[in-house]
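Undergrad: I have a structure I would like to understand better, so I am pasting it below and will then ask my questions one at a time.
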Amino acid sequence: MRESSNPIMRGVVRDNKKDASGYANFGTGMAGVGQASMMQGQQQHADQYTQPGYTPSTTTRTLTIDDVVTKTAMTVGVVIAFAIATYFVISGRDTVDAQIALAAPIMGVGAIAGLVLVLVASFGRKQDNPAIVLAYAAFEGLFVGAISFVFANLRVSDVSAGSLIGQAVLGTIGVFVGMLVVYKVGAIRVTPRFTRMLMAGIFGVLALVIGNFVISMFTGGDAFGIYSGGPIAIIFSLVCIALAAFSFLIDFDSADQLIRAGAPAKAAWGVALGLTVTLVWLYVEILRLLSYLNSD
């Protein structure tokens with residue numbers, strides 16, 4: 001059976017066989033690193049159950065699509081709950097300076113802690129651990145709530161925050177459903193070549209973000225203009241949105257492989273983690289693009 005490419009899935013599978021402008025920089029940088037390590041981990045996850053000679057256990061309940069839907073809904077639900085709470089806590093501050101002073105550290109803590117947990121899950125063989133997955137969701141909720149407030153209230157003034165965030169949410173749902181349909185009808189096949197090209201694109205974006213950050217430390221500002229809000233920034237956001245959208249195809253394919261291979265039900269947590277990472281990345285990029293298009 002063909003190998004999966006998503007790092008979280010790959011790691012989960014292998015492990016279960018034994019017993020898958022500055023505010024903006026945080027968004028894309030952390031999301032890019034998380035998605036890259038996630039795709040590596042998912043390949044380890046799926047490999048565990050798809051290697052020749054693997055025999056599903058007759059005593060352990062095997063993974064079903066209902067398991068994937070339930071665990072993903074729980075994980076995304078935690079992200080949403082923490083994001084909403086964070087947003088309203090920040091908005092409760094009286095002045096803009098106070099809001100920024102609170103949003104910045106929350107965003108940093110959420111992004112860094114979320115990244116660390118993704119790396120632990122991917123390379124520490126903990127993709128099936130619900131505590132790690134839900135802790136990741138909680139920290140990502142902090143990050144999503146803070147960055148949503150910054151983009152919708154501090155970077156854009158002529159559009160209501162609710163409208164901008166609502167558009168980003170609807171856009172994220174639309175892309176997710178659209179890519180699920182594309183996968184189900186087989187319009188785009190997840191082949192090894194497709195996976196390599198997607199990984200190359202993600203690591204290319206990651207290299208650009210890191211390079212931009214390093215150079216900006218010495219020169220100040222936005223070295224490559226990828227967060228300036230101009231044409232280059234808009235093109236960069238569109239590229240990131242496309243990469244995130246196509247990443248769903250690999251997530252779906254990894255889940256299919258696990259189900260067909262008879263992976264245990266607990267593997268659904270690894271699938272949920274992979275899908276949540278991609279959803280958060282996509283949402284942040286759509287929100288960023290909307291802020292560019294609606295800024296003065």
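Please note that chains go A, B, ... in the order of the structure tokens, that every chain numbers its residues from 1, and that ligands are numbered from 1 in the order shown.
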Looking only at the backbone, which of the residues in segment 46-278 of chain A does DSSP tag as helix (DSSP H, G or I), as a PyMOL selection string?
TA: chain A and resi 46-50+65-91+96-123+130-154+161-185+192-219+231-260+265-278
Undergrad: Of the candidates A:Leu63, A:Val209, A:Val239, A:Val133, which shows the shortest atom-to-atom distance to Tyr227 of chain A, using only C-alpha atoms?
TA: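 Of A:Leu63, A:Val209, A:Val239, A:Val133, the one nearest Tyr227 of chain A, counting only C-alpha atoms, is A:Val209.
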Undergrad: Give me the segment 124-218 of chain A side of the contact with segment 276-290 of chain A, cut-off 12 Å, one line per residue showing its nearest atom pair and distance in Å at one decimal, counting only C-alpha atoms, sorted by chain and residue number, as CSV.
TA:
```
residue,atom,partner,partner_atom,distance
A:Val133,CA,A:Thr276,CA,9.5
A:Leu134,CA,A:Thr276,CA,10.5
A:Tyr136,CA,A:Val277,CA,9.3
A:Ala137,CA,A:Thr276,CA,7.8
A:Ala138,CA,A:Thr276,CA,11.5
A:Phe139,CA,A:Val280,CA,11.6
A:Glu140,CA,A:Val280,CA,7.8
A:Gly141,CA,A:Val280,CA,9.1
A:Leu142,CA,A:Val280,CA,11.6
A:Phe143,CA,A:Val280,CA,9.6
A:Val144,CA,A:Val284,CA,7.5
A:Gly145,CA,A:Val284,CA,10.4
A:Ala146,CA,A:Val284,CA,11.1
A:Ile147,CA,A:Val284,CA,7.9
A:Ser148,CA,A:Leu287,CA,7.5
A:Phe149,CA,A:Leu287,CA,10.6
A:Val150,CA,A:Arg288,CA,10.1
A:Phe151,CA,A:Arg288,CA,6.9
A:Ala152,CA,A:Leu287,CA,8.2
A:Asn153,CA,A:Leu287,CA,11.9
A:Arg155,CA,A:Arg288,CA,9.6
A:Val156,CA,A:Leu290,CA,9.3
A:Val159,CA,A:Leu290,CA,10.2
A:Ala161,CA,A:Leu287,CA,10.8
A:Gly162,CA,A:Leu287,CA,11.7
A:Ser163,CA,A:Leu290,CA,10.5
A:Leu164,CA,A:Leu290,CA,7.0
A:Ile165,CA,A:Leu287,CA,6.9
A:Gly166,CA,A:Leu287,CA,9.4
A:Gln167,CA,A:Leu287,CA,8.0
A:Ala168,CA,A:Leu287,CA,5.2
A:Val169,CA,A:Tyr283,CA,6.7
A:Leu170,CA,A:Tyr283,CA,9.3
A:Gly171,CA,A:Ile286,CA,7.1
A:Thr172,CA,A:Tyr283,CA,5.5
A:Ile173,CA,A:Leu279,CA,8.7
A:Gly174,CA,A:Tyr283,CA,10.9
A:Val175,CA,A:Leu282,CA,8.6
A:Phe176,CA,A:Leu279,CA,7.9
A:Val177,CA,A:Leu279,CA,11.4
A:Met179,CA,A:Leu279,CA,11.9
A:Ile202,CA,A:Trp281,CA,11.7
```
Undergrad: Which residue is closest to Ile100 of chain A? Choose from A:Leu249, A:Lys184, A:Ala83, A:Leu154 and count only C-alpha atoms.
TA: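 Closest to Ile100 of chain A, using only C-alpha atoms: A:Leu154.
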Undergrad: Determine, counting only C-alpha atoms, which protein, DNA and RNA residues have an atom within 9 Å of an atom of Ala272 of chain A; residues of the same chain fewer than 4 positions away are not included. Present the result as a ChimeraX atom specification.
TA: /A:68-76,133,267-268,276-277
Undergrad: Find the spatial neighbours of segment 189-191 of chain A, counting only C-alpha atoms, within a cut-off of 8 Å - ignore same-chain residues fewer than 2 positions away - and output them as a compact mmCIF listing (two decimals) with C-alpha atoms, in the first residue's frame.
TA:
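Wrote it out as out_9.txt, contents follow:
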```
# COMPACT_ATOMS: atom_id res chain seq x y z
CA TYR A 183 -11.10 14.03 -2.64
CA GLY A 186 -11.21 11.60 -7.14
CA ALA A 187 -10.68 14.85 -9.05
CA ARG A 193 4.53 12.88 -6.61
CA PHE A 194 1.66 15.09 -5.41
CA THR A 195 2.83 14.65 -1.82
CA LEU A 249 -6.25 15.91 0.62
CA ILE A 250 -3.30 14.30 2.38
CA ASP A 253 -6.00 10.09 2.40
```
Undergrad: Could you tell me how far atom CA of Tyr87 of chain A sits from atom CA of Ser160 of chain A, in Å to one decimal place?
TA: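 One can read the atom CA of Ser160 of chain A to atom CA of Tyr87 of chain A distance as 14.4 Å.
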Undergrad: Would you compute the distance between atom CA of Gly211 of chain A and atom CA of Phe224 of chain A? Give it in Å to one decimal.
TA: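 Spanning atom CA of Gly211 of chain A to atom CA of Phe224 of chain A is a straight-line distance of 8.8 Å.
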Undergrad: One number please: atom CA of Ala244 of chain A to atom CA of Met199 of chain A, in Å, one decimal.
TA: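 Atom CA of Ala244 of chain A sits 10.9 Å away from atom CA of Met199 of chain A.
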